[in-house]
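A.B. asks: Below is the file protein_2.txt, with compact mmCIF, C-alpha atoms.
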```txt
# COMPACT_ATOMS: atom_id res chain seq x y z
CA VAL I 20 0.00 0.00 0.00
CA PHE I 21 1.56 3.27 -1.11
CA PRO I 22 1.23 6.19 1.33
CA LEU I 23 -1.53 8.62 0.39
CA GLN I 24 -0.63 12.14 -0.65
CA TYR I 25 -2.19 15.30 0.73
CA MET I 26 -2.14 19.06 0.28
CA SER I 27 -1.74 21.20 3.39
CA GLY I 28 -3.67 24.23 4.60
CA PHE I 29 -7.07 25.20 5.99
CA GLY I 30 -9.69 26.61 3.62
CA ASN I 31 -7.11 27.19 0.88
CA GLU I 32 -7.81 27.49 -2.83
CA PHE I 33 -6.52 24.09 -3.91
CA SER I 34 -6.22 22.55 -7.35
CA SER I 35 -5.49 18.91 -8.10
CA GLU I 36 -5.57 16.53 -11.04
CA ASP I 37 -5.01 12.80 -11.18
CA PRO I 38 -1.50 12.32 -12.66
CA ARG I 39 -2.95 9.79 -15.11
CA CYS I 40 -4.62 12.73 -16.91
CA PRO I 41 -2.23 15.70 -17.03
CA GLY I 42 -3.91 18.94 -18.08
CA ALA I 43 -7.37 17.78 -17.00
CA LEU I 44 -8.03 21.11 -15.25
CA PRO I 45 -9.28 23.72 -17.74
CA GLU I 46 -7.01 26.75 -17.91
CA GLY I 47 -8.33 30.24 -17.32
CA GLN I 48 -12.00 29.33 -16.96
CA ASN I 49 -14.23 26.96 -14.98
CA ASN I 50 -16.77 25.91 -17.57
CA PRO I 51 -15.37 25.59 -21.12
CA GLN I 52 -17.60 24.51 -23.99
CA VAL I 53 -15.64 21.26 -24.14
CA CYS I 54 -13.61 20.18 -21.11
CA PRO I 55 -10.21 18.43 -21.48
CA TYR I 56 -10.49 14.63 -21.90
CA GLY I 57 -14.23 15.03 -22.65
CA LEU I 58 -15.03 15.51 -18.94
CA TYR I 59 -18.12 17.15 -17.44
CA ALA I 60 -17.77 20.30 -15.31
CA GLU I 61 -19.83 20.30 -12.08
CA GLN I 62 -19.78 22.92 -9.35
CA LEU I 63 -20.29 21.92 -5.69
CA SER I 64 -21.40 25.00 -3.72
CA GLY I 65 -20.96 24.95 0.05
CA SER I 66 -22.20 28.52 0.54
CA ALA I 67 -24.67 30.92 -1.04
CA PHE I 68 -23.32 32.43 -4.28
CA THR I 69 -23.47 35.89 -2.71
CA CYS I 70 -21.56 35.16 0.51
CA PRO I 71 -18.65 37.53 1.17
CA ARG I 72 -15.42 36.32 -0.40
CA THR I 73 -14.00 35.27 3.00
CA THR I 74 -16.89 32.84 3.56
CA ASN I 75 -17.62 31.83 -0.04
CA LYS I 76 -17.12 28.09 -0.49
CA ARG I 77 -17.21 26.16 -3.74
CA SER I 78 -15.26 23.64 -5.76
CA TRP I 79 -15.32 22.72 -9.45
CA LEU I 80 -15.21 19.00 -10.20
CA TYR I 81 -14.26 17.62 -13.63
CA ARG I 82 -15.82 14.19 -13.88
CA ILE I 83 -16.37 11.33 -16.27
CA LEU I 84 -20.15 11.50 -15.74
CA PRO I 85 -22.09 14.13 -13.77
CA SER I 86 -23.73 13.11 -10.51
CA VAL I 87 -27.20 13.96 -11.89
CA LYS I 88 -27.23 10.66 -13.83
CA HIS I 89 -29.04 8.35 -11.39
CA LYS I 90 -32.39 6.61 -10.88
CA PRO I 91 -34.93 8.31 -8.55
CA PHE I 92 -34.37 8.41 -4.78
CA THR I 93 -36.56 6.22 -2.59
CA GLN I 94 -36.75 6.22 1.19
CA MET I 95 -34.83 3.55 3.11
CA PRO I 96 -34.93 2.57 6.80
CA CYS I 97 -32.85 4.88 9.01
CA GLY I 98 -31.95 2.30 11.65
CA ASP I 99 -30.77 4.18 14.74
CA LEU I 100 -30.03 7.41 12.86
CA THR I 101 -32.64 10.02 13.78
CA GLU I 102 -33.49 13.69 14.00
CA ASN I 103 -36.55 13.04 16.16
CA TRP I 104 -35.70 14.70 19.46
CA ASN I 105 -39.08 13.87 21.06
CA GLU I 106 -38.90 10.06 21.19
CA VAL I 107 -38.48 10.05 24.96
CA GLU I 108 -38.99 12.56 27.75
CA PRO I 109 -36.13 15.00 28.49
CA ASP I 110 -33.53 13.86 31.05
CA PRO I 111 -31.52 16.59 32.84
CA ASN I 112 -29.35 14.12 34.76
CA GLN I 113 -25.63 13.71 34.38
CA LEU I 114 -25.36 10.86 31.85
CA ARG I 115 -22.49 8.52 31.23
CA TRP I 116 -22.20 5.64 28.78
CA MET I 117 -19.90 2.65 29.00
CA PRO I 118 -18.00 1.82 25.75
CA PHE I 119 -20.48 1.27 22.93
CA THR I 120 -20.67 -2.29 21.61
CA ILE I 121 -19.06 -3.04 18.25
CA PRO I 122 -20.89 -5.84 16.42
CA LYS I 123 -18.81 -8.96 15.75
CA SER I 124 -18.28 -9.61 12.05
CA THR I 125 -18.89 -13.31 12.67
CA GLU I 126 -22.44 -12.47 13.79
CA LYS I 127 -23.46 -9.65 11.48
CA LYS I 128 -21.69 -7.59 8.82
CA VAL I 129 -22.26 -3.89 9.56
CA ASP I 130 -20.75 -1.07 7.50
CA PHE I 131 -20.29 2.61 8.40
CA VAL I 132 -23.80 3.74 7.40
CA ALA I 133 -25.57 0.74 8.94
CA GLY I 134 -23.51 1.33 12.10
CA LEU I 135 -24.61 4.93 12.70
CA HIS I 136 -26.47 5.54 15.97
CA THR I 137 -27.72 8.94 17.14
CA ILE I 138 -27.15 9.67 20.83
CA CYS I 139 -28.42 13.23 21.14
CA GLY I 140 -29.01 16.46 19.29
CA ALA I 141 -31.20 19.51 18.80
CA GLY I 142 -32.64 21.75 16.13
CA GLU I 143 -33.52 20.51 12.68
CA ALA I 144 -32.08 20.28 9.22
CA LYS I 145 -34.97 21.94 7.37
CA SER I 146 -34.28 25.32 8.93
CA ARG I 147 -30.50 24.74 8.75
CA SER I 148 -29.98 25.16 12.49
CA GLY I 149 -28.96 22.38 14.80
CA ILE I 150 -26.59 19.56 15.63
CA GLY I 151 -26.55 15.79 16.00
CA ILE I 152 -24.11 13.60 17.89
CA HIS I 153 -23.69 10.06 16.61
CA ILE I 154 -21.63 6.94 17.31
CA TYR I 155 -20.48 4.64 14.52
CA THR I 156 -19.74 0.98 15.27
CA CYS I 157 -18.95 -1.21 12.27
CA ASN I 158 -16.90 -4.16 11.11
CA THR I 159 -17.06 -4.23 7.32
CA SER I 160 -16.25 -1.88 4.45
CA MET I 161 -18.83 -0.15 2.27
CA VAL I 162 -18.97 -1.98 -1.07
CA ASP I 163 -20.46 -0.26 -4.13
CA ARG I 164 -22.24 2.23 -1.91
CA CYS I 165 -21.45 5.74 -0.76
CA PHE I 166 -22.99 8.26 1.60
CA ASN I 167 -23.74 11.92 1.22
CA ASN I 168 -25.15 14.22 3.89
CA SER I 169 -27.44 16.88 2.43
CA ASP I 170 -28.20 18.14 5.95
CA GLY I 171 -24.81 19.27 7.20
CA ASP I 172 -21.16 18.60 7.97
CA PHE I 173 -19.74 15.50 9.65
CA LEU I 174 -16.77 15.87 11.99
CA ILE I 175 -15.58 12.27 12.44
CA VAL I 176 -13.47 11.20 15.45
CA PRO I 177 -12.16 7.62 15.06
CA GLN I 178 -11.66 5.89 18.41
CA GLN I 179 -10.86 2.28 17.47
CA GLY I 180 -9.60 1.24 14.04
CA GLU I 181 -8.40 3.39 11.19
CA ILE I 182 -10.78 4.28 8.39
CA LEU I 183 -9.94 4.78 4.73
CA ILE I 184 -12.32 7.39 3.36
CA THR I 185 -12.73 7.63 -0.41
CA THR I 186 -14.25 10.95 -1.47
CA GLU I 187 -14.94 12.70 -4.76
CA PHE I 188 -11.79 14.73 -4.03
CA GLY I 189 -9.51 11.75 -3.31
CA LYS I 190 -8.65 9.40 -0.46
CA MET I 191 -7.84 10.03 3.20
CA MET I 192 -6.61 7.54 5.81
CA VAL I 193 -7.84 8.66 9.23
CA GLU I 194 -6.52 6.95 12.37
CA PRO I 195 -7.49 7.27 16.04
CA ASN I 196 -6.08 10.57 17.37
CA GLU I 197 -6.85 12.13 13.98
CA ILE I 198 -10.15 13.71 12.94
CA CYS I 199 -11.66 14.46 9.56
CA VAL I 200 -14.42 16.72 8.30
CA ILE I 201 -16.68 15.76 5.40
CA GLN I 202 -18.63 18.86 4.47
CA GLN I 203 -22.26 19.02 3.37
CA GLY I 204 -23.02 17.27 0.10
CA MET I 205 -19.68 15.52 -0.38
CA ARG I 206 -19.98 11.84 -1.31
CA PHE I 207 -17.77 9.40 0.53
CA SER I 208 -17.31 5.71 1.20
CA VAL I 209 -15.62 4.17 4.27
CA ASP I 210 -13.31 1.14 4.30
CA VAL I 211 -12.51 -0.47 7.66
CA PHE I 212 -9.94 -3.07 8.70
CA GLY I 213 -11.63 -4.83 11.61
CA GLU I 214 -13.87 -3.81 14.49
CA THR I 215 -14.20 -0.05 14.24
CA ARG I 216 -15.75 2.63 16.45
CA GLY I 217 -15.83 6.41 16.63
CA TYR I 218 -17.81 9.57 17.29
CA ILE I 219 -19.46 12.05 14.90
CA LEU I 220 -20.43 15.67 15.47
CA GLU I 221 -22.90 16.84 12.83
CA VAL I 222 -23.76 20.51 12.35
CA TYR I 223 -26.55 21.85 10.16
CA GLY I 224 -26.36 25.22 8.49
CA THR I 225 -22.77 26.23 9.06
CA ASN I 226 -19.25 24.96 8.47
CA PHE I 227 -16.40 24.35 10.88
CA GLU I 228 -13.67 26.99 11.02
CA LEU I 229 -10.59 27.71 13.07
CA PRO I 230 -11.36 29.77 16.18
CA ASP I 231 -10.13 33.35 16.32
CA LEU I 232 -6.99 33.66 18.44
CA GLY I 233 -7.37 37.17 19.87
CA PRO I 234 -4.61 37.98 22.39
CA ILE I 235 -2.94 34.60 21.71
CA GLY I 236 -1.67 36.19 18.50
CA ALA I 237 -0.92 34.68 15.12
CA ASN I 238 0.14 31.17 16.16
CA GLY I 239 -1.06 28.40 18.44
CA LEU I 240 -3.88 25.91 18.94
CA ALA I 241 -4.57 24.13 15.62
CA ASN I 242 -2.31 25.65 12.96
CA PRO I 243 -3.69 25.89 9.40
CA ARG I 244 -0.67 24.17 7.84
CA ASP I 245 -1.42 20.95 9.75
CA PHE I 246 -4.77 20.39 8.03
CA LEU I 247 -4.53 17.99 5.11
CA CYS I 248 -6.74 17.71 2.06
CA PRO I 249 -6.74 14.76 -0.40
CA VAL I 250 -5.40 14.86 -3.96
CA ALA I 251 -7.49 13.98 -7.01
CA TRP I 252 -8.01 10.27 -7.67
CA TYR I 253 -10.57 8.75 -10.00
CA GLU I 254 -11.98 5.38 -10.89
CA ASP I 255 -13.66 4.87 -14.26
CA ARG I 256 -15.72 1.90 -13.20
CA GLN I 257 -19.02 0.56 -14.49
CA VAL I 258 -21.11 -1.24 -11.88
CA ALA I 259 -23.61 -3.44 -13.73
CA THR I 260 -25.20 -4.67 -10.50
CA GLY I 261 -25.83 -1.07 -9.43
CA TYR I 262 -23.93 1.47 -7.32
CA THR I 263 -25.96 2.76 -4.35
CA ILE I 264 -25.95 6.42 -3.33
CA ILE I 265 -27.28 6.92 0.22
CA ASN I 266 -28.49 10.46 0.82
CA LYS I 267 -29.26 11.85 4.29
CA TYR I 268 -31.92 14.48 3.61
CA GLN I 269 -34.09 16.27 6.21
CA GLY I 270 -33.01 13.72 8.82
CA LYS I 271 -34.12 10.69 6.77
CA LEU I 272 -32.17 8.31 4.53
CA PHE I 273 -32.86 7.90 0.83
CA THR I 274 -31.21 5.64 -1.70
CA CYS I 275 -30.78 5.66 -5.45
CA GLN I 276 -29.01 3.51 -8.01
CA GLN I 277 -26.59 4.34 -10.80
CA ASP I 278 -24.41 2.12 -12.96
CA PHE I 279 -21.04 3.81 -12.38
CA SER I 280 -18.75 4.80 -9.52
CA PRO I 281 -19.36 8.34 -8.14
CA PHE I 282 -15.61 8.65 -7.50
CA ASN I 283 -15.01 9.59 -11.13
CA VAL I 284 -13.55 13.07 -10.57
CA VAL I 285 -10.36 13.33 -12.65
CA ALA I 286 -9.48 16.87 -11.49
CA TRP I 287 -10.87 19.55 -9.23
CA HIS I 288 -10.14 23.01 -7.87
CA GLY I 289 -11.69 25.13 -5.13
CA ASN I 290 -11.82 25.79 -1.39
CA TYR I 291 -14.70 23.47 -0.44
CA THR I 292 -13.02 20.16 0.36
CA PRO I 293 -12.89 17.35 2.88
CA TYR I 294 -9.90 17.52 5.23
CA LYS I 295 -8.19 15.78 8.15
CA TYR I 296 -6.07 16.83 11.13
CA ASN I 297 -3.81 15.01 13.59
CA LEU I 298 -4.57 15.99 17.19
CA LYS I 299 -0.91 15.55 18.21
CA ASN I 300 -0.18 18.73 16.24
CA PHE I 301 -2.35 20.86 18.55
CA MET I 302 -0.22 23.54 20.21
CA ALA I 303 -1.80 23.81 23.66
CA ILE I 304 -1.99 27.17 25.44
CA ASN I 305 -2.26 26.85 29.20
CA CYS I 306 -2.09 28.64 32.54
CA VAL I 307 1.48 29.15 33.82
CA ALA I 308 0.81 31.17 37.00
CA PHE I 309 -2.32 30.37 39.02
CA ASP I 310 -5.99 29.55 38.58
CA HIS I 311 -7.61 27.52 35.85
CA ALA I 312 -8.16 28.74 32.30
CA ASP I 313 -11.53 27.93 30.74
CA PRO I 314 -11.55 24.89 28.42
CA SER I 315 -12.19 27.17 25.44
CA ILE I 316 -8.38 27.46 25.16
CA PHE I 317 -8.47 23.88 23.83
CA THR I 318 -10.81 24.58 20.88
CA VAL I 319 -9.67 22.88 17.66
CA LEU I 320 -12.60 23.84 15.40
CA THR I 321 -15.73 25.89 15.90
CA ALA I 322 -19.06 26.13 14.09
CA LYS I 323 -20.23 29.67 14.81
CA SER I 324 -23.79 30.84 15.31
CA THR I 325 -25.02 34.28 14.31
CA ARG I 326 -24.43 35.49 17.90
CA PRO I 327 -20.83 36.64 18.41
CA GLY I 328 -18.86 34.28 20.62
CA VAL I 329 -21.65 31.70 20.85
CA ALA I 330 -20.98 28.47 18.96
CA ILE I 331 -23.51 26.03 17.54
CA ALA I 332 -20.73 23.58 18.30
CA ASP I 333 -17.09 23.62 19.40
CA PHE I 334 -14.74 20.67 19.06
CA VAL I 335 -12.42 20.83 22.10
CA ILE I 336 -9.62 18.43 23.10
CA PHE I 337 -7.72 17.81 26.35
CA PRO I 338 -4.25 16.87 25.10
CA PRO I 339 -1.09 15.88 26.99
CA ARG I 340 0.46 19.02 28.52
CA TRP I 341 2.19 20.40 31.61
CA GLY I 342 0.30 21.47 34.74
CA VAL I 343 2.26 24.13 36.63
CA ALA I 344 -0.29 26.44 38.30
CA ASP I 345 0.67 27.42 41.87
CA HIS I 346 -1.75 27.33 44.86
CA THR I 347 -4.47 26.12 42.47
CA PHE I 348 -6.90 23.23 42.31
CA ARG I 349 -5.70 21.94 38.96
CA PRO I 350 -8.40 19.56 37.66
CA PRO I 351 -11.53 21.00 36.03
CA TYR I 352 -13.61 23.07 38.43
CA TYR I 353 -17.19 22.36 39.51
CA HIS I 354 -19.43 23.87 36.92
CA ARG I 355 -22.93 24.68 35.73
CA ASN I 356 -22.97 25.85 32.14
CA CYS I 357 -25.42 27.51 29.73
CA MET I 358 -23.87 25.22 27.07
CA SER I 359 -24.27 21.44 26.67
CA GLU I 360 -21.11 19.35 27.09
CA PHE I 361 -20.76 15.94 25.43
CA MET I 362 -17.45 14.20 26.14
CA GLY I 363 -15.76 11.22 24.55
CA LEU I 364 -12.45 9.46 25.16
CA ILE I 365 -10.18 8.25 22.37
CA LYS I 366 -7.55 6.66 24.62
CA GLY I 367 -6.18 6.67 28.18
CA HIS I 368 -7.83 7.96 31.38
CA TYR I 369 -9.55 11.33 31.73
CA GLU I 370 -7.99 13.33 34.57
CA ALA I 371 -11.20 14.21 36.45
CA LYS I 372 -12.81 10.75 36.21
CA GLU I 373 -10.04 8.15 36.27
CA GLU I 374 -12.24 5.08 36.65
CA GLY I 375 -15.69 5.06 35.07
CA PHE I 376 -15.05 7.13 31.94
CA GLN I 377 -13.60 4.72 29.38
CA PRO I 378 -12.33 4.91 25.78
CA GLY I 379 -15.24 4.40 23.41
CA GLY I 380 -17.72 5.57 26.06
CA ALA I 381 -19.18 9.05 26.55
CA SER I 382 -20.81 11.48 28.96
CA LEU I 383 -23.36 14.27 28.59
CA HIS I 384 -23.67 17.16 31.03
CA SER I 385 -26.69 19.05 29.82
CA MET I 386 -27.49 22.72 30.06
CA MET I 387 -27.15 23.93 33.68
CA THR I 388 -26.67 20.38 34.98
CA PRO I 389 -23.90 20.53 37.63
CA HIS I 390 -20.77 18.47 37.06
CA GLY I 391 -17.13 18.33 38.08
CA PRO I 392 -14.43 16.10 39.56
CA ASP I 393 -15.49 12.98 41.41
CA ALA I 394 -14.94 12.80 45.19
CA GLU I 395 -11.66 10.90 44.94
CA CYS I 396 -10.23 13.39 42.44
CA PHE I 397 -11.26 16.32 44.66
CA GLU I 398 -9.68 14.88 47.82
CA LYS I 399 -6.47 13.85 46.06
CA ASN I 400 -5.94 17.19 44.33
CA SER I 401 -6.87 19.32 47.34
CA THR I 402 -3.83 17.96 49.19
CA ALA I 403 -1.45 17.22 46.31
CA GLU I 404 2.03 18.73 46.24
CA LEU I 405 1.90 21.32 43.46
CA LYS I 406 4.99 20.59 41.45
CA PRO I 407 5.16 20.76 37.66
CA GLU I 408 3.62 17.57 36.30
CA ARG I 409 2.59 16.05 32.99
CA VAL I 410 -1.19 16.03 32.65
CA ALA I 411 -3.13 13.61 30.44
CA GLU I 412 -0.02 11.76 29.25
CA GLY I 413 -1.06 8.96 26.88
CA THR I 414 -4.64 10.27 26.90
CA MET I 415 -6.94 12.09 24.52
CA ALA I 416 -10.35 13.19 25.75
CA PHE I 417 -12.49 15.56 23.72
CA MET I 418 -15.68 17.58 24.07
CA PHE I 419 -18.45 18.53 21.67
CA GLU I 420 -19.82 21.69 23.29
CA SER I 421 -22.99 23.31 22.00
CA SER I 422 -25.25 26.27 22.72
CA PHE I 423 -28.21 23.99 21.91
CA SER I 424 -30.05 22.18 24.69
CA MET I 425 -29.72 18.63 23.41
CA ALA I 426 -32.29 15.88 23.65
CA VAL I 427 -31.13 12.31 24.15
CA THR I 428 -32.56 9.66 21.84
CA LYS I 429 -34.33 6.48 22.81
CA TRP I 430 -31.28 4.59 21.50
CA GLY I 431 -29.02 6.59 23.82
CA LEU I 432 -31.20 6.23 26.93
CA GLN I 433 -32.50 2.68 26.44
CA THR I 434 -31.73 0.65 23.33
CA CYS I 435 -27.92 0.73 23.50
CA GLN I 436 -28.03 -0.58 27.09
CA LYS I 437 -24.76 1.24 27.86
CA LEU I 438 -26.07 3.98 30.16
CA ASP I 439 -24.23 3.87 33.50
CA LYS I 440 -27.06 4.10 36.04
CA SER I 441 -24.56 4.46 38.90
CA TYR I 442 -22.81 7.56 37.47
CA TYR I 443 -24.29 9.91 40.11
CA GLN I 444 -22.59 7.88 42.84
CA CYS I 445 -19.14 9.24 41.96
CA TRP I 446 -20.16 12.47 43.72
CA GLU I 447 -22.06 10.85 46.63
CA SER I 448 -19.06 10.73 48.96
CA LEU I 449 -18.26 14.45 48.61
CA ARG I 450 -18.36 15.77 52.18
CA SER I 451 -18.47 19.17 53.81
CA HIS I 452 -15.11 20.67 54.80
CA PHE I 453 -16.78 23.83 56.13
CA ALA I 454 -14.98 25.21 59.23
CA PRO I 455 -16.94 28.19 60.61
CA ASN I 456 -14.15 29.03 63.08
CA TRP I 457 -11.43 29.11 60.39
CA LYS I 458 -9.00 32.02 60.69
CA PRO I 459 -6.61 33.19 57.99
CA ASN I 460 -2.90 32.72 58.61
CA LYS I 461 -1.35 35.97 59.74
CA HIS I 462 1.83 36.58 57.72
```
Any chance you could give the structure as structure tokens?
C.D. replies:
Amino acid sequence: VFPLQYMSGFGNEFSSEDPRCPGALPEGQNNPQVCPYGLYAEQLSGSAFTCPRTTNKRSWLYRILPSVKHKPFTQMPCGDLTENWNEVEPDPNQLRWMPFTIPKSTEKKVDFVAGLHTICGAGEAKSRSGIGIHIYTCNTSMVDRCFNNSDGDFLIVPQQGEILITTEFGKMMVEPNEICVIQQGMRFSVDVFGETRGYILEVYGTNFELPDLGPIGANGLANPRDFLCPVAWYEDRQVATGYTIINKYQGKLFTCQQDFSPFNVVAWHGNYTPYKYNLKNFMAINCVAFDHADPSIFTVLTAKSTRPGVAIADFVIFPPRWGVADHTFRPPYYHRNCMSEFMGLIKGHYEAKEEGFQPGGASLHSMMTPHGPDAECFEKNSTAELKPERVAEGTMAFMFESSFSMAVTKWGLQTCQKLDKSYYQCWESLRSHFAPNWKPNKH
């Protein structure tokens, strides 16, 4: 297997052609009367035509056949993928899930689309405002079928098993501790190499971007050069038995047939592309004096709302770093938040919950639901010697944070049978240390 090639940069104007067809990109114009090699020109627009130049997103694809050549779409079963946020009554409790079960390939073959399960979300795709959080658990590659999300963008976080994603723009290999973003409307197929699991953050109506850095300056956090975009690769393949396009549209799944591979793009150019990023490249900013900086300093990507500073969703990580703050309780503080916080764990042990929070599991602390370190973590860190120490070594926890008040699905609360009913007990042994006769030390 030859290593895949990529182009680097975030939101750049890229251009790429498969080396088998040099000169496939038209020169000087997007839509010539006759394209090189007899290709079809097709524009994929990720933004309104009239968006300001800084937010205008589109790519031109030069393909063997246009994607309009297909049989009609018909509805297909959605399985555990849903946008129905009213299946069960709301639950404001602190929720934690044990690692989600991956089906055994000896029992049932499940590919990426069949293995999608919605845990929680809010809003709706029709009005282009909302989010969904999904788990994928699968054991077999997609064969002669691809997926495209007409509702929004997928931010995919592999947790177990690498995934080879074939897109109209080329191929990306994405391993645990990397993430990738497949933007609205882009067709892709997922190959797996064994039992595979991961998390997905879906946003409707906006795209992910790098957060503004403000006083941090020009550099730090996720640097644009570390984002990688695939290079053009095509297959000119007839599929007599039928190639299946699966389209997620208004929260439902639809399927159509065509007799050729959709990955027939010989060349493309534009700034609307899929991309991937390795979390080890995140340049953490942290507190070096005292107190505890808010977790927003760990934001990798943000999907902004129309209200300044308020995100539809932030993707935040808690990477290995140094803890050096003096006379400070160093783990996360106790907290009630006007945002919803969904956490997952790619590997290792999360610092504030060493035991029950496991890789491939999750937790949800809903809007204004209190949360914070368990009793053991509080006691240990209240008396710890505050010397410089490595935090989260060998670990990668992440958070999907949203300004939406998310509803949990029936699958998340009941069907998956992974909800940890004893989660609340990790705070039960917190005790009062109140000393009404305490006097400050006189120095």
A.B. asks: Have a look at I:His390, I:Lys295, I:Lys461, I:Lys366 and name the one nearest to Tyr352 of chain I; count only C-alpha atoms.
C.D. replies: I:His390
A.B. asks: Using all atoms listed in the file, find each residue in segment 170-274 of chain I having at least one atom no more than 6 Å away from segment 20-35 of chain I; report its shortest atom-to-atom pair and that distance in Å (one decimal), rows by chain then rising number, as CSV.
C.D. replies:
```
residue,atom,partner,partner_atom,distance
I:Pro243,CA,I:Phe29,CA,4.9
I:Arg244,CA,I:Gly28,CA,4.4
I:Phe246,CA,I:Gly28,CA,5.3
I:Leu247,CA,I:Ser27,CA,4.6
I:Cys248,CA,I:Met26,CA,5.1
I:Pro249,CA,I:Tyr25,CA,4.7
I:Val250,CA,I:Tyr25,CA,5.7
I:Ala251,CA,I:Ser35,CA,5.4
```
A.B. asks: Could you jot down the atom CA of Val176 of chain I to atom CA of Asn196 of chain I separation for me, Å, one decimal place?
C.D. replies: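 According to the coordinates, atom CA of Val176 of chain I and atom CA of Asn196 of chain I are separated by 7.7 Å.
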A.B. asks: With distances taken over only C-alpha atoms, which of I:Leu438, I:Leu449, I:Val343, I:Met415 is nearest to Gly391 of chain I?
C.D. replies: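 For Gly391 of chain I, the nearest of the given residues is I:Leu449.
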A.B. asks: Smallest atom-to-atom distance to Gly328 of chain I: which of I:Cys97, I:Val285, I:Glu408, I:Asp231, using all atoms listed in the file?
C.D. replies: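 Closest to Gly328 of chain I of all the choices is I:Asp231.
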A.B. asks: Between I:Lys271, I:Arg164, I:Lys128, I:Arg256, which residue has the minimum interatomic distance to Gly213 of chain I, considering all atoms listed in the file?
C.D. replies: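 Answer, going by the shortest atom-to-atom distance: I:Lys128.
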A.B. asks: Any idea what the distance is between atom CA of Leu114 of chain I and atom CA of Gly217 of chain I?
C.D. replies: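 A separation of 18.5 Å between them.
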A.B. asks: Could you list, as an NGL selection string, every residue within 12 Å of Lys127 of chain I, counting all atoms listed in the file and ignoring same-chain residues fewer than 5 positions away?
C.D. replies: :I and (121-122 or 133-134 or 156-159 or 214)
A.B. asks: Excluding Val193 of chain I and its own-chain neighbours fewer than 4 positions away, which residues fall within 10 Å of it when counting only C-alpha atoms? Please give them as a list in words.
C.D. replies: Ile175, Val176, Pro177, Gly180, Glu181, Ile182, Leu183, Ile184, Glu197, Ile198, Cys199, Tyr294, Lys295, Tyr296 and Asn297 of chain I
A.B. asks: What does the distance between atom CA of Lys323 of chain I and atom CA of His311 of chain I come to in Å, to one decimal place?
C.D. replies: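 Atom-to-atom, atom CA of Lys323 of chain I and atom CA of His311 of chain I are spaced 24.6 Å apart.
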A.B. asks: Enumerate, as a ChimeraX atom specification, the protein, DNA and RNA residues whose atoms approach (-18.9, 2.3, 6.9) to within 6 Å, taking into account all atoms listed in the file and the coordinate frame of the file.
C.D. replies: /I:130-132,160-161,209
A.B. asks: So that I can see what lies close to Ser441 of chain I, please list as a PyMOL selection string the residues with an atom at most 12 Å from it, counting only C-alpha atoms and leaving out residues fewer than 4 positions away in the same chain.
C.D. replies: chain I and resi 112-117+375+437+445-447
A.B. asks: Residues at most 9 Å from Val307 of chain I, counting all atoms listed in the file, excluding those fewer than 6 positions away in the same chain, as a list of chain:residue names?
C.D. replies: I:Gly342, I:Val343, I:Ala344, I:Asp345
